[in-house]
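So the structure is just underneath, and the comments pick up after that.
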Amino acid sequence: MLGLLYFWRLEAEKWIDGIIEMIELFEKKNQKIPFELFIFGSWSRETKIQELASIYPQIHFFWRKNIETIKRYVENCQFCLMPSECLETFGLSALIAMKRWLPVIWYARWGLKDFISDELDLTNQPWATTSQKLHNLISSLMASLSKEEVSADADGGFVKTKTNFSLHNYSKDSRVVRFHALAGKEVKKIIIVSDFINRIWGIETYINDVKELLEPHGYEVELCGWTVPSGPIGKLVKYLGFITGMGNFRESIKLKRKIKKIQPDLIRYNSVMRYLWRMPIRASKNSSAKKRMMFHDLGYFAPFPSKLFQEKEIRTPFTLRHFLQTQPTKNPIKILAMIGKYISLSLIKNQLKKRMDTFLVPSSFMESIIHKSYKVEDENIKIFPHFIQE
């Protein structure tokens with residue numbers, strides 16, 4: 001029996017509903033589910049996944065677990081489902097799967113386009129809906145593929161599904177080499193600025209890994225941001241972040257003091273949209289350090305990034321009219337919220353254009369978005385992909 005792995009947030013924008021529909025499609029066609037599905041995750045669709053697991057013995061639900069726990073189930077799987085209907089800026093979870101020789105099934109587009117082979121690209125499948133395409137592909141895999149056809153090659157460098165994609169390009173060693181080249185020899189002291197600095201979500205975990213990666217190579221790395229508490233307070237800060245964006249003086253003062261104490265060679269802004277906003281960017285005004293901004297999130301250009309399904313939906317340049325047209329609504333409360341977010345994002349944009357010497361993006365498709373939205377010169381935009389986390 002085919003083994004499939006899913007480890008992502010159980011949310012609508014991650015298309016967990018489509019997987020549910022695909023499972024139910026086998027039932028409607030009076031077909032036995034021909035695979036075992038190992039699901040790791042949490043959030044809003046937990047109850048529905050629990051129900052499916054109680055009905056179908058082929059569905060195994062483990063809630064949210066660390067990567068070490070997930071790895072124990074990899075030997076039972078041949079493919080990883082990496083569904084997302086929204087625009088993904090990078091396929092970090094896809095890298096984690098492919099490191100363990102699990103080829104990824106989904107659409108080869110946007111941040112995921114380099115990680116999915118032609119055979120596993122749902123774009124090439126017939127039928128109208130994604131759930132039908134997925135049903136058709138899995139049925140075909142059951143009929144024609146064996147586990148040996150999708151195993152690692154002899155040197156462990158490629159995934160065998162007729163793709164030349166190399167995991168070596170996303171190794172930690174490759175990341176350090178890229179960082180050396182981009183930073184220059186004079187960079188030794190670094191401050192990484194982020195909304196939150198504890199390991200609460202993917203990107204926050206990532207900056208901690210970056211710190212641990214760089215320090216053995218002679219860099220002095222400090223993180224600056226808020227250690228967000230769990231529970232309702234943390235959620236409140238996230239959803240009301242545009243209010244703090246008008247003037248987050250507390251974090252600005254903290255960063256100024258840290259800059260004065262450390263005298264960094266590089267200040268890298270990792271995330272500033274959920275809590276920090278404009279003032280901590282302005283805090284670097286008098287520092288001679290190199291300054292960079294990394295765009296992990298399309299929320300800098302659209303009101304609701306999880307509702308973006310096509311790149312062309314992002315209207316450019318970045319103006320209030322375009323911002324409201326990106327995801328139009330007649331709901332007056334939503335319109336007011338969107339205007340409030342636009343004002344805060346405009347303040348961030350103005351500070352970024354004044355302070356940053358380099359704008360970093362994890363995937364090539366984002367270059368044009370930065371260029372057209374912020375009118376940043378092409379030479380100041382650099383692709384800086386993520387590395388594989390263990």
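Naming scheme: A, B, ... for chains in displayed order of the structure tokens; residues 1 onward per chain; ligands 1 onward as shown.
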
Give me, as JSON, numbers by chain, all polymer residues having an atom no more than 12 Å from segment 353-355 of chain A, counting only C-alpha atoms and skipping those fewer than 6 positions away in the same chain.
{"A": [267, 268, 269, 278, 279, 280, 281, 282, 283, 284, 285, 286, 287, 288, 289, 290, 291, 292, 293, 346, 347, 370, 371, 373, 374, 375, 376, 377, 380, 381]}

Can you pull out the residues contacting Leu345 of chain A? Cut-off 8 Å, using only C-alpha atoms, and skip same-chain residues under 6 positions away; I want them as a PyMOL selection string.
chain A and resi 273+277+300

Write the residues of the preceding selection, restricted to C-alpha atoms, as a PDB file, in the first residue's frame.
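After the write, again-v1.pdb holds the following:
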```pdb
ATOM      1  CA  MET A 273       4.815  43.133   9.921  1.00  0.00           C
ATOM      2  CA  TRP A 277       6.479  47.631  12.168  1.00  0.00           C
ATOM      3  CA  TYR A 300       3.604  43.213   2.740  1.00  0.00           C
TER       4      TYR A 300
END
```

Every residue of segment 111-355 of chain A that DSSP places in helix (DSSP H, G or I), as a ChimeraX atom specification:
/A:111-115,118-120,122-124,130-144,147-150,167-170,172-183,202-217,232-239,241-244,249-262,278-282,298-300,305-307,311-313,320-326,332-355

Do a neighbour search on Leu120 of chain A at 8 Å with only C-alpha atoms, toss out local chain neighbours closer than 6 positions, and write the hits as a PyMOL selection string.
chain A and resi 104-107+137

Go ahead and dump the residues you just picked, C-alpha atoms, as an mmCIF file, in the first residue's frame.
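Generated output (part_4.cif):
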```
data_model
loop_
_atom_site.group_PDB
_atom_site.id
_atom_site.type_symbol
_atom_site.label_atom_id
_atom_site.label_comp_id
_atom_site.auth_asym_id
_atom_site.auth_seq_id
_atom_site.Cartn_x
_atom_site.Cartn_y
_atom_site.Cartn_z
ATOM 1 C CA VAL A 104 6.485 16.027 -3.331
ATOM 2 C CA ILE A 105 3.057 15.912 -4.969
ATOM 3 C CA TRP A 106 1.385 19.219 -5.865
ATOM 4 C CA TYR A 107 1.413 22.036 -8.426
ATOM 5 C CA LEU A 137 -2.537 10.851 -9.804
#
```

Rank nothing, just name the residue among A:Leu214, A:Leu308, A:Ile20, A:Ile383 nearest to Ser363 of chain A, using only C-alpha atoms.
A:Ile383

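For the choices A:Val74, A:Ala183, A:Ile262, A:Ile191, the atom-to-atom distance to Gly3 of chain A is smallest for A:Val74 when using only C-alpha atoms.
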